[in-house]
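This is work_31.txt (compact mmCIF, C-alpha atoms and all ligand atoms).
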```txt
# COMPACT_ATOMS: atom_id res chain seq x y z
CA VAL R 180 54.00 107.22 -88.50
CA MET R 181 51.11 105.63 -86.70
CA SER R 182 49.51 107.41 -83.82
CA ARG R 183 46.70 105.00 -83.07
CA TYR R 184 47.82 101.88 -81.34
CA LYS R 185 46.49 99.03 -79.26
CA ILE R 186 47.55 98.35 -75.74
CA THR R 187 46.95 94.94 -74.26
CA PHE R 188 47.01 94.48 -70.51
CA GLN R 189 48.00 91.08 -69.15
CA PRO R 190 47.24 88.80 -67.49
CA MET R 191 43.62 89.89 -67.88
CA ASN R 192 44.18 90.09 -71.63
CA ILE R 193 42.19 93.27 -72.19
CA THR R 194 43.03 95.23 -75.33
CA VAL R 195 42.10 98.88 -75.67
CA GLU R 196 42.86 101.52 -78.27
CA ALA R 197 44.89 104.62 -77.66
CA ASP R 198 45.96 107.56 -79.78
CA ALA R 199 49.37 109.07 -79.23
CA SER R 200 48.31 112.25 -81.00
CA ALA R 201 45.50 112.71 -78.45
CA PRO R 202 46.98 111.57 -75.13
CA GLU R 203 44.54 110.25 -72.57
CA PRO R 204 44.03 112.97 -69.93
CA ALA R 205 45.24 111.75 -66.56
CA HIS R 206 44.13 112.23 -62.98
CA ASP R 207 47.32 110.46 -61.98
CA GLY R 208 50.49 110.19 -64.00
CA LYS R 209 51.51 111.73 -67.29
CA PRO R 210 48.83 112.30 -69.94
CA GLY R 211 48.87 109.39 -72.34
CA SER R 212 50.79 107.21 -69.91
CA ILE R 213 50.07 103.54 -69.49
CA LEU R 214 48.50 104.41 -66.13
CA ALA R 215 46.29 107.08 -67.69
CA ILE R 216 45.05 104.64 -70.32
CA ALA R 217 44.49 101.88 -67.75
CA ASP R 218 42.56 104.24 -65.48
CA ALA R 219 40.36 105.34 -68.36
CA HIS R 220 39.37 101.73 -68.91
CA ASP R 221 38.92 100.71 -65.27
CA ILE R 222 42.02 98.54 -65.30
CA ASP R 223 43.64 98.64 -61.89
CA ILE R 224 47.32 99.39 -61.61
CA ASP R 225 48.44 100.26 -58.12
CA HIS R 226 49.83 103.80 -57.98
CA ALA R 227 50.50 104.64 -54.37
CA CYS R 228 52.15 108.02 -54.91
CA GLY R 229 49.45 109.27 -57.25
CA GLY R 230 51.56 109.09 -60.37
CA VAL R 231 54.28 111.56 -59.45
CA CYS R 232 57.21 109.17 -59.79
CA ALA R 233 57.73 108.85 -56.05
CA CYS R 234 57.13 105.14 -55.53
CA SER R 235 57.47 102.04 -57.67
CA THR R 236 54.07 100.47 -57.13
CA CYS R 237 52.99 101.20 -60.70
CA HIS R 238 55.83 99.03 -62.06
CA VAL R 239 54.77 97.18 -65.22
CA ILE R 240 56.65 94.98 -67.65
CA ILE R 241 56.49 95.79 -71.35
CA LYS R 242 56.19 92.47 -73.15
CA GLU R 243 55.92 93.89 -76.65
CA GLY R 244 56.57 97.27 -78.22
CA VAL R 245 58.98 98.59 -75.62
CA ASN R 246 60.83 100.57 -78.28
CA SER R 247 57.75 102.70 -78.93
CA LEU R 248 57.86 104.09 -75.40
CA HIS R 249 59.55 107.41 -74.83
CA ALA R 250 62.79 106.81 -72.95
CA ALA R 251 62.65 106.82 -69.18
CA GLU R 252 63.92 109.97 -67.51
CA ASP R 253 66.43 109.79 -64.69
CA ASP R 254 63.83 110.06 -61.94
CA GLU R 255 61.91 107.12 -63.40
CA GLU R 256 65.13 105.08 -63.62
CA ASP R 257 65.93 105.92 -60.02
CA MET R 258 62.50 104.80 -58.80
CA LEU R 259 62.58 101.65 -60.91
CA ASP R 260 65.84 100.64 -59.30
CA ASN R 261 63.80 100.03 -56.14
CA ALA R 262 61.02 98.08 -57.81
CA PRO R 263 60.66 94.44 -56.81
CA GLY R 264 60.96 92.03 -59.72
CA LEU R 265 62.76 94.54 -61.94
CA THR R 266 63.32 93.44 -65.55
CA LEU R 267 65.06 95.04 -68.53
CA ASP R 268 61.63 95.87 -69.90
CA SER R 269 60.25 97.34 -66.69
CA ARG R 270 58.69 100.80 -66.67
CA LEU R 271 56.64 102.91 -64.33
CA ALA R 272 53.11 102.98 -65.72
CA CYS R 273 52.58 106.58 -64.59
CA GLN R 274 55.62 107.79 -66.50
CA ALA R 275 55.73 105.57 -69.60
CA VAL R 276 54.14 107.14 -72.67
CA ALA R 277 54.00 105.35 -76.02
CA ASP R 278 54.60 107.18 -79.29
CA GLY R 279 52.05 105.06 -81.14
CA SER R 280 54.52 103.62 -83.63
CA CYS R 281 53.41 100.08 -82.77
CA ASP R 282 51.04 98.16 -80.52
CA ILE R 283 52.19 97.34 -77.02
CA VAL R 284 51.59 94.56 -74.52
CA VAL R 285 51.89 95.36 -70.83
CA GLU R 286 52.04 92.87 -68.01
CA ILE R 287 50.87 94.03 -64.62
CA PRO R 288 52.92 92.12 -62.03
CA SER R 289 50.84 90.09 -59.61
CA TRP R 290 51.81 92.26 -56.65
CA ASN R 291 50.47 95.35 -58.44
CA ARG R 292 47.01 94.01 -59.17
CA ASN R 293 44.06 95.21 -57.18
CA GLU R 294 44.13 93.02 -54.13
CA VAL R 295 40.62 94.00 -53.13
CA SER R 296 39.22 91.82 -55.87
CA GLU R 297 41.32 88.84 -54.86
CA GLU R 298 40.78 86.51 -51.97
CA HIS R 299 42.50 87.44 -48.76
FE1 LIG R 301 54.22 106.16 -57.93
FE2 LIG R 301 54.05 105.66 -60.58
S1 LIG R 301 52.49 105.78 -59.12
S2 LIG R 301 55.78 106.05 -59.37
```
In C-alpha cells, what does this structure look like?
Amino acid sequence: VMSRYKITFQPMNITVEADASAPEPAHDGKPGSILAIADAHDIDIDHACGGVCACSTCHVIIKEGVNSLHAAEDDEEDMLDNAPGLTLDSRLACQAVADGSCDIVVEIPSWNRNEVSEEH
C-alpha cells in the first residue's frame, strides 16, 4: 500500500506530493483533503464556507484516481447535489481525502478559480 502520492491540479497543471500517512494539516477542510493540500501549495480553490461542508464552492472534478478517495459521506453528497456542473467524479475539495493508493488528477472548474487573478 502506497501512502505517498502525487496530486496534479488542472488546468494550471501543477503537481505536488502528498502523504496519506501524514495528512496535510488544514486551516479549512479535513486534514489531508484536496483543499488542505491545495492551500499548502498556494493553489486557490474557492471555499466560501471555510471547509465545513456547508456550500459547494469547493467543487472539484477528479479526472484520475477517484477510487483512491475515501467515499463521500451523506452531507458531502447532499451539498454536491447543489453544485453547478456536477459530474459523476465530482467531490468537495474540503471533504475529499485520498488514501494514497494511487496518484490523482484534480480539475478545478473555471467558476471556482480565483477570480481576483483574472481579468474582470
Ligand atoms: Fe464549503 Fe467545501 S468549502 S463545502
### Task
For CA of Cys232 in chain R and CA of Met191 in chain R, determine how far apart the two atoms are, in Å to one decimal place.
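Distance between the two atoms: 24.9 Å.
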### Message
Hey, which residues sit close to ligand LIG 301 (chain R)? Say within 8 Å, counting all atoms listed in the file, and write them as a ChimeraX atom specification.
### Response
/R:207-208,214,225-238,255,258,271-274
### Message
Report, in Å with one decimal, the straight-line distance from CA of Gln189 in chain R to CA of Pro288 in chain R.
### Response
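CA of Pro288 in chain R lies at a distance of 8.7 Å from CA of Gln189 in chain R.
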### Message
Report as a list in words all protein, DNA and RNA residues lying within 12 Å of Asp198 in chain R, evaluated on all atoms listed in the file, omitting residues in the same chain fewer than 2 positions from it.
### Response
Val180, Met181, Ser182, Arg183, Tyr184, Lys185, Ile186, Val195, Glu196, Ser200, Ala201, Pro202, Glu203, Pro204, Pro210, Gly211, Ser212, Ile213, Ile216, Val276, Ala277, Asp278, Gly279, Ser280, Cys281 and Asp282 of chain R
### Query
How many Å lie between CA of Trp290 in chain R and CA of Ile241 in chain R, rounded to one decimal?
15.8 Å
What are the centre and edge lengths in Å, to one decimal, of the axis-aligned box around all listed atoms of range 241-256 of chain R with 6 Å added on each side, as lines of an AutoDock Vina configuration file?
```
center_x = 61.2
center_y = 101.3
center_z = -70.4
size_x = 22.5
size_y = 29.6
size_z = 29.0
```
#### Entry: Proximity to Ala197 in chain R - best of R:Lys242, R:Arg270, R:Ile283, R:Ile224, all atoms listed in the file
R:Ile283
Using the structure just given, write a file holding N, CA, C and O atoms for range 244-270 of chain R, as a JSON list (two decimals), in the first residue's frame.
```
[["chain", "number", "residue", "atom", "x", "y", "z"],
["R", 244, "GLY", "N", -7.85, 8.72, -10.62],
["R", 244, "GLY", "CA", -7.60, 8.25, -9.25],
["R", 244, "GLY", "C", -8.77, 8.39, -8.31],
["R", 244, "GLY", "O", -8.59, 8.35, -7.09],
["R", 245, "VAL", "N", -9.97, 8.54, -8.86],
["R", 245, "VAL", "CA", -11.13, 8.80, -7.99],
["R", 245, "VAL", "C", -11.35, 7.66, -7.00],
["R", 245, "VAL", "O", -11.82, 7.88, -5.88],
["R", 246, "ASN", "N", -10.95, 6.45, -7.38],
["R", 246, "ASN", "CA", -11.17, 5.31, -6.48],
["R", 246, "ASN", "C", -10.28, 5.33, -5.25],
["R", 246, "ASN", "O", -10.50, 4.57, -4.31],
["R", 247, "SER", "N", -9.25, 6.18, -5.26],
["R", 247, "SER", "CA", -8.39, 6.25, -4.08],
["R", 247, "SER", "C", -8.90, 7.26, -3.06],
["R", 247, "SER", "O", -8.28, 7.44, -2.00],
["R", 248, "LEU", "N", -10.02, 7.91, -3.37],
["R", 248, "LEU", "CA", -10.59, 8.86, -2.40],
["R", 248, "LEU", "C", -11.56, 8.14, -1.48],
["R", 248, "LEU", "O", -12.35, 7.30, -1.92],
["R", 249, "HIS", "N", -11.46, 8.45, -0.20],
["R", 249, "HIS", "CA", -12.44, 7.89, 0.73],
["R", 249, "HIS", "C", -13.84, 8.31, 0.28],
["R", 249, "HIS", "O", -14.04, 9.44, -0.18],
["R", 250, "ALA", "N", -14.78, 7.41, 0.41],
["R", 250, "ALA", "CA", -16.14, 7.65, -0.08],
["R", 250, "ALA", "C", -16.74, 8.90, 0.57],
["R", 250, "ALA", "O", -16.48, 9.21, 1.74],
["R", 251, "ALA", "N", -17.54, 9.60, -0.22],
["R", 251, "ALA", "CA", -18.21, 10.79, 0.29],
["R", 251, "ALA", "C", -19.25, 10.40, 1.34],
["R", 251, "ALA", "O", -19.96, 9.41, 1.19],
["R", 252, "GLU", "N", -19.30, 11.19, 2.39],
["R", 252, "GLU", "CA", -20.35, 10.98, 3.40],
["R", 252, "GLU", "C", -21.63, 11.66, 2.92],
["R", 252, "GLU", "O", -21.63, 12.43, 1.96],
["R", 253, "ASP", "N", -22.71, 11.36, 3.61],
["R", 253, "ASP", "CA", -24.02, 11.86, 3.18],
["R", 253, "ASP", "C", -24.06, 13.37, 3.07],
["R", 253, "ASP", "O", -24.66, 13.93, 2.15],
["R", 254, "ASP", "N", -23.42, 14.07, 4.02],
["R", 254, "ASP", "CA", -23.51, 15.53, 3.98],
["R", 254, "ASP", "C", -22.76, 16.09, 2.78],
["R", 254, "ASP", "O", -23.17, 17.09, 2.18],
["R", 255, "GLU", "N", -21.67, 15.42, 2.39],
["R", 255, "GLU", "CA", -20.97, 15.85, 1.17],
["R", 255, "GLU", "C", -21.86, 15.60, -0.05],
["R", 255, "GLU", "O", -21.99, 16.47, -0.93],
["R", 256, "GLU", "N", -22.47, 14.43, -0.11],
["R", 256, "GLU", "CA", -23.37, 14.12, -1.24],
["R", 256, "GLU", "C", -24.49, 15.15, -1.34],
["R", 256, "GLU", "O", -24.85, 15.61, -2.43],
["R", 257, "ASP", "N", -25.04, 15.51, -0.19],
["R", 257, "ASP", "CA", -26.15, 16.47, -0.18],
["R", 257, "ASP", "C", -25.71, 17.82, -0.73],
["R", 257, "ASP", "O", -26.42, 18.45, -1.52],
["R", 258, "MET", "N", -24.52, 18.28, -0.31],
["R", 258, "MET", "CA", -24.02, 19.57, -0.79],
["R", 258, "MET", "C", -23.69, 19.50, -2.28],
["R", 258, "MET", "O", -23.97, 20.43, -3.04],
["R", 259, "LEU", "N", -23.10, 18.39, -2.69],
["R", 259, "LEU", "CA", -22.72, 18.25, -4.10],
["R", 259, "LEU", "C", -23.93, 18.31, -5.01],
["R", 259, "LEU", "O", -23.84, 18.78, -6.14],
["R", 260, "ASP", "N", -25.06, 17.81, -4.51],
["R", 260, "ASP", "CA", -26.26, 17.84, -5.33],
["R", 260, "ASP", "C", -26.59, 19.24, -5.81],
["R", 260, "ASP", "O", -27.24, 19.42, -6.83],
["R", 261, "ASN", "N", -26.13, 20.24, -5.07],
["R", 261, "ASN", "CA", -26.40, 21.65, -5.43],
["R", 261, "ASN", "C", -25.29, 22.29, -6.24],
["R", 261, "ASN", "O", -25.38, 23.46, -6.60],
["R", 262, "ALA", "N", -24.23, 21.53, -6.51],
["R", 262, "ALA", "CA", -23.08, 22.14, -7.18],
["R", 262, "ALA", "C", -23.36, 22.31, -8.67],
["R", 262, "ALA", "O", -23.83, 21.38, -9.33],
["R", 263, "PRO", "N", -23.08, 23.48, -9.20],
["R", 263, "PRO", "CA", -23.21, 23.65, -10.65],
["R", 263, "PRO", "C", -22.19, 22.77, -11.38],
["R", 263, "PRO", "O", -21.09, 22.57, -10.88],
["R", 264, "GLY", "N", -22.60, 22.24, -12.53],
["R", 264, "GLY", "CA", -21.66, 21.46, -13.33],
["R", 264, "GLY", "C", -21.31, 20.12, -12.73],
["R", 264, "GLY", "O", -20.24, 19.57, -13.00],
["R", 265, "LEU", "N", -22.21, 19.56, -11.92],
["R", 265, "LEU", "CA", -21.95, 18.29, -11.25],
["R", 265, "LEU", "C", -21.61, 17.18, -12.24],
["R", 265, "LEU", "O", -22.26, 17.05, -13.27],
["R", 266, "THR", "N", -20.60, 16.37, -11.91],
["R", 266, "THR", "CA", -20.27, 15.20, -12.71],
["R", 266, "THR", "C", -20.22, 13.98, -11.80],
["R", 266, "THR", "O", -20.24, 14.12, -10.57],
["R", 267, "LEU", "N", -20.12, 12.79, -12.39],
["R", 267, "LEU", "CA", -20.03, 11.57, -11.59],
["R", 267, "LEU", "C", -18.75, 11.54, -10.77],
["R", 267, "LEU", "O", -18.66, 10.83, -9.77],
["R", 268, "ASP", "N", -17.75, 12.29, -11.20],
["R", 268, "ASP", "CA", -16.48, 12.30, -10.49],
["R", 268, "ASP", "C", -16.26, 13.60, -9.73],
["R", 268, "ASP", "O", -15.14, 14.01, -9.47],
["R", 269, "SER", "N", -17.35, 14.26, -9.39],
["R", 269, "SER", "CA", -17.27, 15.48, -8.60],
["R", 269, "SER", "C", -17.11, 15.17, -7.13],
["R", 269, "SER", "O", -17.69, 14.21, -6.61],
["R", 270, "ARG", "N", -16.32, 15.99, -6.45],
["R", 270, "ARG", "CA", -16.18, 15.91, -4.99],
["R", 270, "ARG", "C", -16.04, 17.32, -4.44],
["R", 270, "ARG", "O", -15.73, 18.25, -5.17]]
```
